[in-house]
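As provided, upload.txt (compact mmCIF, C-alpha atoms) reads as follows.
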# COMPACT_ATOMS: atom_id res chain seq x y z
CA MET A 1 8.86 83.26 -28.70
CA SER A 2 8.93 86.57 -26.89
CA ASP A 3 10.76 86.29 -23.57
CA VAL A 4 7.85 87.94 -21.76
CA ILE A 5 5.28 85.42 -23.01
CA LEU A 6 7.59 82.46 -22.34
CA GLU A 7 8.26 83.66 -18.81
CA LYS A 8 4.52 84.02 -18.20
CA ALA A 9 3.94 80.55 -19.63
CA ARG A 10 6.53 79.07 -17.29
CA LEU A 11 5.03 80.92 -14.35
CA ILE A 12 1.44 79.85 -14.97
CA TYR A 13 2.51 76.27 -15.64
CA GLN A 14 4.44 76.15 -12.37
CA LYS A 15 1.56 77.67 -10.42
CA TYR A 16 -0.76 75.07 -11.91
CA GLN A 17 1.63 72.27 -10.90
CA ASN A 18 1.75 73.72 -7.38
CA GLY A 19 -2.03 73.98 -7.12
CA GLU A 20 -1.94 77.77 -6.88
CA LEU A 21 -4.62 78.54 -9.48
CA GLY A 22 -7.55 77.66 -7.26
CA ASP A 23 -9.55 74.44 -7.52
CA THR A 24 -7.67 72.23 -9.98
CA SER A 25 -10.38 69.57 -10.34
CA LEU A 26 -11.40 69.31 -13.99
CA PRO A 27 -14.85 68.52 -15.40
CA GLU A 28 -13.74 65.16 -16.79
CA ASP A 29 -12.52 64.09 -13.34
CA THR A 30 -16.18 63.30 -12.74
CA ASN A 31 -16.14 59.81 -14.20
CA PRO A 32 -16.94 56.24 -13.10
CA GLY A 33 -13.29 55.17 -12.88
CA LEU A 34 -13.49 52.56 -15.61
CA ASP A 35 -10.54 50.52 -16.88
CA SER A 36 -8.62 53.05 -18.98
CA SER A 37 -7.94 50.45 -21.67
CA SER A 38 -11.62 49.52 -22.12
CA ASN A 39 -13.83 50.68 -24.97
CA GLU A 40 -16.50 51.45 -22.36
CA ASN A 41 -14.17 54.03 -20.85
CA VAL A 42 -13.44 55.62 -24.24
CA LEU A 43 -17.15 55.81 -25.05
CA TYR A 44 -17.79 57.55 -21.72
CA PHE A 45 -15.31 60.29 -22.62
CA THR A 46 -16.50 60.56 -26.22
CA LEU A 47 -20.27 60.77 -26.51
CA PRO A 48 -20.92 63.53 -23.92
CA MET A 49 -18.07 65.57 -25.41
CA ALA A 50 -20.23 66.41 -28.43
CA LEU A 51 -22.70 68.14 -26.06
CA ASN A 52 -19.99 70.30 -24.48
CA SER A 53 -20.91 73.48 -26.33
CA GLN A 54 -21.97 76.69 -24.60
CA ARG A 55 -22.73 75.04 -21.28
CA ASN A 56 -21.09 74.43 -17.91
CA SER A 57 -18.61 71.59 -18.38
CA TYR A 58 -18.79 70.54 -14.74
CA THR A 59 -22.56 70.03 -14.77
CA LEU A 60 -22.31 68.24 -18.14
CA TRP A 61 -20.00 65.58 -16.73
CA GLU A 62 -21.96 65.35 -13.49
CA SER A 63 -25.00 64.57 -15.63
CA ALA A 64 -22.99 62.07 -17.65
CA LEU A 65 -21.94 60.22 -14.50
CA LYS A 66 -25.48 60.06 -13.12
CA THR A 67 -26.71 58.76 -16.47
CA TYR A 68 -23.97 56.15 -16.56
CA GLU A 69 -24.55 54.95 -12.99
CA ASP A 70 -28.31 54.51 -13.45
CA SER A 71 -29.06 51.00 -14.76
CA GLU A 72 -32.13 52.35 -16.58
CA THR A 73 -30.18 54.96 -18.55
CA ASN A 74 -26.62 53.68 -18.98
CA PHE A 75 -27.49 51.87 -22.21
CA VAL A 76 -27.01 55.22 -23.98
CA PHE A 77 -23.25 54.71 -23.67
CA SER A 78 -23.49 51.63 -25.89
CA PRO A 79 -23.81 52.66 -29.58
CA ASN A 80 -25.26 49.31 -30.62
CA LYS A 81 -27.98 49.51 -27.98
CA VAL A 82 -28.75 53.13 -28.85
CA ILE A 83 -29.31 52.57 -32.56
CA ASN A 84 -31.58 49.61 -31.83
CA ALA A 85 -33.68 51.43 -29.23
CA ASP A 86 -36.77 53.56 -29.81
CA TYR A 87 -36.06 57.27 -30.25
CA GLU A 88 -38.30 58.17 -27.31
CA GLU A 89 -36.51 55.69 -25.05
CA VAL A 90 -33.11 57.20 -25.93
CA GLN A 91 -34.39 60.74 -25.45
CA LYS A 92 -35.95 59.89 -22.09
CA ALA A 93 -32.67 58.41 -20.85
CA LEU A 94 -30.60 61.35 -22.08
CA THR A 95 -32.89 63.95 -20.51
CA LYS A 96 -33.45 62.20 -17.14
CA TYR A 97 -30.36 63.82 -15.58
CA ARG A 98 -30.17 66.71 -18.04
CA LEU A 99 -27.27 65.23 -19.99
CA VAL A 100 -29.17 66.52 -23.00
CA LEU A 101 -30.59 70.03 -22.64
CA GLN A 102 -31.87 70.59 -26.19
CA ARG A 103 -34.16 67.57 -26.39
CA ASN A 104 -34.37 66.94 -30.11
CA LYS A 105 -31.17 68.54 -31.40
CA GLN A 106 -28.84 66.93 -28.90
CA THR A 107 -30.61 63.56 -28.93
CA ASN A 108 -30.06 63.57 -32.70
CA ILE A 109 -26.37 64.41 -32.22
CA TRP A 110 -25.99 61.48 -29.82
CA LEU A 111 -27.80 59.11 -32.17
CA LYS A 112 -25.75 60.22 -35.17
CA LEU A 113 -22.46 59.61 -33.36
CA CYS A 114 -23.63 56.19 -32.21
CA GLN A 115 -24.60 55.34 -35.78
CA THR A 116 -21.26 56.61 -37.10
CA PHE A 117 -19.13 54.62 -34.67
CA THR A 118 -21.29 51.53 -35.21
CA ASP A 119 -20.92 51.82 -38.99
CA LEU A 120 -17.17 52.49 -38.88
CA SER A 121 -15.99 50.16 -36.12
CA ASP A 122 -18.97 48.33 -34.62
CA GLY A 123 -19.13 50.91 -31.83
CA ASN A 124 -15.52 50.38 -30.80
CA ILE A 125 -13.66 53.68 -30.69
CA ILE A 126 -10.38 51.98 -29.83
CA ASN A 127 -10.63 50.17 -33.18
CA PHE A 128 -11.73 53.40 -34.88
CA ALA A 129 -8.51 55.07 -33.71
CA ARG A 130 -6.43 52.00 -34.58
CA ASN A 131 -7.81 52.03 -38.13
CA LEU A 132 -6.31 55.52 -38.43
CA ASP A 133 -2.97 54.33 -36.98
CA ASP A 134 -3.78 55.95 -33.60
CA ASP A 135 -2.40 59.09 -35.23
CA VAL A 136 -3.82 62.39 -33.95
CA ASN A 137 -3.33 64.06 -37.31
CA LYS A 138 -5.03 61.27 -39.27
CA ILE A 139 -7.94 61.05 -36.84
CA ARG A 140 -8.48 64.81 -36.90
CA TYR A 141 -8.18 65.02 -40.69
CA PHE A 142 -10.68 62.19 -41.16
CA MET A 143 -13.17 63.73 -38.75
CA GLN A 144 -12.82 67.33 -39.90
CA LYS A 145 -12.24 66.90 -43.64
CA GLU A 146 -13.19 63.48 -44.97
CA ALA A 147 -16.26 62.70 -42.89
CA LYS A 148 -17.18 65.90 -41.06
CA LYS A 149 -20.97 65.40 -41.27
CA LYS A 150 -20.67 62.02 -39.61
CA PHE A 151 -19.34 63.65 -36.42
CA PRO A 152 -21.70 66.48 -35.44
CA TYR A 153 -20.03 68.93 -33.04
CA LEU A 154 -17.27 66.44 -32.21
CA SER A 155 -15.57 67.44 -35.47
CA GLY A 156 -15.53 71.12 -34.48
CA THR A 157 -12.28 73.04 -34.13
CA LYS A 158 -12.47 73.26 -30.34
CA LEU A 159 -14.15 69.98 -29.43
CA CYS A 160 -12.18 67.70 -31.76
CA ASN A 161 -8.88 68.83 -30.29
CA TYR A 162 -10.17 68.82 -26.73
CA TRP A 163 -11.57 65.33 -27.24
CA LEU A 164 -8.18 64.10 -28.48
CA TYR A 165 -6.55 65.80 -25.49
CA VAL A 166 -8.97 64.06 -23.08
CA LEU A 167 -8.38 60.71 -24.77
CA SER A 168 -4.65 61.19 -24.28
CA ASN A 169 -5.16 61.83 -20.57
CA TYR A 170 -8.03 59.59 -19.52
CA THR A 171 -7.74 56.56 -21.81
CA ALA A 172 -5.03 54.07 -22.75
CA ILE A 173 -5.34 54.60 -26.51
CA PRO A 174 -1.68 54.80 -27.66
CA LEU A 175 -2.12 58.05 -29.56
CA LYS A 176 0.76 59.19 -31.74
CA ASN A 177 1.76 62.81 -32.40
CA THR A 178 -0.07 64.15 -29.34
CA ASN A 179 2.22 67.18 -29.51
CA ASP A 180 0.21 68.15 -32.59
CA ILE A 181 -3.05 68.47 -30.68
CA TYR A 182 -4.06 72.13 -30.85
CA ILE A 183 -5.02 74.06 -27.77
CA ALA A 184 -8.83 73.89 -27.43
CA ALA A 185 -9.84 77.51 -27.78
CA ASP A 186 -12.97 77.81 -25.67
CA ARG A 187 -14.00 81.08 -24.03
CA HIS A 188 -11.63 80.63 -21.08
CA ILE A 189 -8.61 79.89 -23.28
CA ILE A 190 -9.54 82.84 -25.50
CA ARG A 191 -9.80 85.22 -22.54
CA ALA A 192 -6.56 83.95 -21.04
CA SER A 193 -4.76 84.30 -24.38
CA TYR A 194 -5.89 87.92 -24.60
CA LYS A 195 -4.83 88.52 -20.99
CA PHE A 196 -1.43 87.05 -21.88
CA GLY A 197 -1.10 89.59 -24.69
CA LEU A 198 -1.09 86.83 -27.29
CA ILE A 199 -4.07 88.10 -29.30
CA THR A 200 -5.47 91.59 -29.80
CA LYS A 201 -8.89 92.81 -28.69
CA GLU A 202 -9.90 92.92 -32.35
CA GLN A 203 -8.87 89.27 -32.81
CA MET A 204 -10.66 88.28 -29.62
CA GLU A 205 -13.91 89.72 -30.97
CA SER A 206 -13.47 88.17 -34.42
CA SER A 207 -15.43 85.16 -35.67
CA LYS A 208 -12.02 83.62 -36.43
CA VAL A 209 -10.80 83.95 -32.86
CA GLN A 210 -10.32 80.20 -32.38
CA THR A 211 -7.97 80.07 -35.36
CA TYR A 212 -6.05 83.12 -34.11
CA VAL A 213 -5.58 81.52 -30.69
CA ILE A 214 -4.54 78.12 -32.08
CA ASP A 215 -2.05 79.66 -34.51
CA ALA A 216 -0.64 82.07 -31.93
CA TRP A 217 0.09 79.37 -29.35
CA ALA A 218 1.52 76.98 -31.94
CA LYS A 219 3.86 79.71 -33.17
CA GLU A 220 4.81 81.05 -29.75
CA LEU A 221 5.62 77.66 -28.22
CA GLN A 222 7.61 76.31 -31.14
CA GLY A 223 11.13 75.48 -30.04
CA THR A 224 10.31 75.81 -26.32
CA GLU A 225 9.90 73.13 -23.66
CA PHE A 226 6.11 73.36 -24.05
CA VAL A 227 3.53 72.07 -26.48
CA PRO A 228 0.17 73.89 -26.63
CA THR A 229 -1.75 71.31 -24.58
CA ASP A 230 0.70 71.76 -21.69
CA LEU A 231 -1.04 75.07 -21.08
CA GLN A 232 -4.60 73.85 -21.69
CA ASN A 233 -5.50 73.29 -18.04
CA PRO A 234 -3.37 76.10 -16.53
CA LEU A 235 -4.89 78.75 -18.82
CA TRP A 236 -8.41 77.36 -18.44
CA LEU A 237 -8.27 77.34 -14.65
CA TRP A 238 -6.55 80.73 -14.53
CA SER A 239 -9.45 82.27 -16.43
CA ARG A 240 -12.17 80.30 -14.68
CA ASN A 241 -10.84 81.26 -11.25
CA GLY A 242 -10.65 84.97 -12.01
CA PHE A 243 -7.11 85.56 -13.33
CA LYS A 244 -5.12 85.26 -10.14
CA ASN A 245 -2.12 87.58 -10.19
CA LEU A 246 0.75 85.50 -11.54
CA GLU A 247 3.36 87.62 -9.81
CA SER A 248 1.95 87.13 -6.33
I need this file expressed as structure tokens, please.
Amino acid sequence: MSDVILEKARLIYQKYQNGELGDTSLPEDTNPGLDSSSNENVLYFTLPMALNSQRNSYTLWESALKTYEDSETNFVFSPNKVINADYEEVQKALTKYRLVLQRNKQTNIWLKLCQTFTDLSDGNIINFARNLDDDVNKIRYFMQKEAKKKFPYLSGTKLCNYWLYVLSNYTAIPLKNTNDIYIAADRHIIRASYKFGLITKEQMESSKVQTYVIDAWAKELQGTEFVPTDLQNPLWLWSRNGFKNLES
């Protein structure tokens, strides 16, 4: 790794630890505080994740919490209840607090995931992970290669890795090989990576930018004290809060 990049990485990581990158609250911090070892908790952090595409993550999770806390709508977090409910009833519950913005498309995504997890593990994601040895690499390979169509959006390059990262932080699933979780290259991570000098302007504007960012961080951090997800939150907050001068 270039000394300049490593020094920047250390600096931004330290500033994040010290709370110097602005508001450090993360979207997923908006949650009902469930038992981290419960399947209910894992479902809460799984189903909304598939809707986290091209929208404000904070408002997504605020909507998720409102939907969960409302006794009329929280059934949508139970796959078995969802697949046995009327479509209109599910859609009404998902749109009440704007958890779903694209009424038909995103309702269908939610329903498909509930059907998938019901078929594979009776709606128990803890068992789903256990069936794949709780291994990040096996889970990702299954979702992205072997059964990609069963996991709409959640199997995507960014969301699959970010979902695994969230599971490792907010649930008690004993995931193995978490160091192999890629950095989730959303627009903030992409911008921060460019600002770091890790990717070129041409790469940033390429349709393959996520791959460039993932590969660059994996290569640059190899043999250092960091794994890519160590910088997930620091880089994300640095970009979101306007690229505070790291030297100041």
Handout entry: Nearest to Asn124 in chain A, chosen from A:Glu202, A:Asp180, A:Glu40, A:Asp70, with all atoms listed in the file counted in the distances
Key =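 So, comparing all the options, the nearest one is A:Glu40.
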Handout entry: Nearest to Phe243 in chain A, chosen from A:Gln203, A:Thr229, A:Ser193, A:Gln210, with only C-alpha atoms counted in the distances
Key =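 Looking at the shortest contact to Phe243 in chain A, the residue is A:Ser193.
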Practice task
Give me the residues within 9 Å of Tyr194 in chain A as a ChimeraX atom specification, counting only C-alpha atoms and dropping any in the same chain fewer than 5 places off.
Solution key: /A:189,199-201,203-204,213
Handout entry: Between CA of Asn131 in chain A and CA of Asn31 in chain A, distance in Å (one decimal)
Key =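 These atoms are spaced 26.5 Å apart.
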Practice task
Just give me the gap between CA of Leu51 in chain A and CA of Ile109 in chain A in Å, one decimal is fine.
Solution key: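 We find that CA of Leu51 in chain A and CA of Ile109 in chain A lie 8.1 Å from each other.
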Exercise for the section: Compile the contact shell of range 146-155 of chain A as number ranges by chain: residues with an atom at most 8 Å away, counting all atoms listed in the file, same-chain residues fewer than 2 positions apart removed. Expected result: A: 49-51, 109, 112-113, 116, 140-144, 157, 159-160, 163
Exercise for the section: Have a look at CA of Leu246 in chain A and CA of Leu6 in chain A and let me know their distance in Å, one decimal. Expected result: 13.1 Å
Handout entry: From A:Trp110, A:Trp61, A:Tyr165, A:Phe45, residue lying nearest Pro228 in chain A [all atoms listed in the file]
Key = A:Tyr165
Practice task
Tell me, as number ranges by chain, which residues lie within 6 Å of range 75-87 of chain A, counting all atoms listed in the file; anything in the same chain fewer than 3 positions away does not count.
Solution key: A: 90, 114, 123
Problem - Which of A:Tyr170, A:Tyr212, A:Trp236, A:Phe226 sits closest to Gly33 in chain A [using all atoms listed in the file] - result: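 When distances to Gly33 in chain A are compared using all atoms listed in the file, the smallest one comes from A:Tyr170.
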Exercise for the section: Pick out the closest residue to Ser63 in chain A from this set: A:Lys92, A:Leu101, A:Asp3, A:Ser36. Count all atoms listed in the file. Expected result: A:Leu101
Problem - Distance criterion (all atoms listed in the file): nearest to Phe128 in chain A out of A:Val42, A:Leu198, A:His188, A:Gly242 - result: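 The closest residue to Phe128 in chain A is A:Val42.
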Handout entry: Residues within 12 Å of Arg55 in chain A, all atoms listed in the file, excluding chain neighbours under 3 positions, as a PyMOL selection string
Key = chain A and resi 27+48-52+58-61+98-102+186-187
Keeping only C-alpha atoms, take the residues you just selected and write them out as a tab-separated table (two decimals), in the frame of the given file.
chain	number	residue	atom	x	y	z
A	27	PRO	CA	-14.85	68.52	-15.40
A	48	PRO	CA	-20.92	63.53	-23.92
A	49	MET	CA	-18.07	65.57	-25.41
A	50	ALA	CA	-20.23	66.41	-28.43
A	51	LEU	CA	-22.70	68.14	-26.06
A	52	ASN	CA	-19.99	70.30	-24.48
A	58	TYR	CA	-18.79	70.54	-14.74
A	59	THR	CA	-22.56	70.03	-14.77
A	60	LEU	CA	-22.31	68.24	-18.14
A	61	TRP	CA	-20.00	65.58	-16.73
A	98	ARG	CA	-30.17	66.71	-18.04
A	99	LEU	CA	-27.27	65.23	-19.99
A	100	VAL	CA	-29.17	66.52	-23.00
A	101	LEU	CA	-30.59	70.03	-22.64
A	102	GLN	CA	-31.87	70.59	-26.19
A	186	ASP	CA	-12.97	77.81	-25.67
A	187	ARG	CA	-14.00	81.08	-24.03
Exercise for the section: For Asp135 in chain A, please output as a PyMOL selection string all residues within 6 Å (counting all atoms listed in the file; exclusion window: fewer than 2 positions along the same chain). Expected result: chain A and resi 133+137-138+175-176
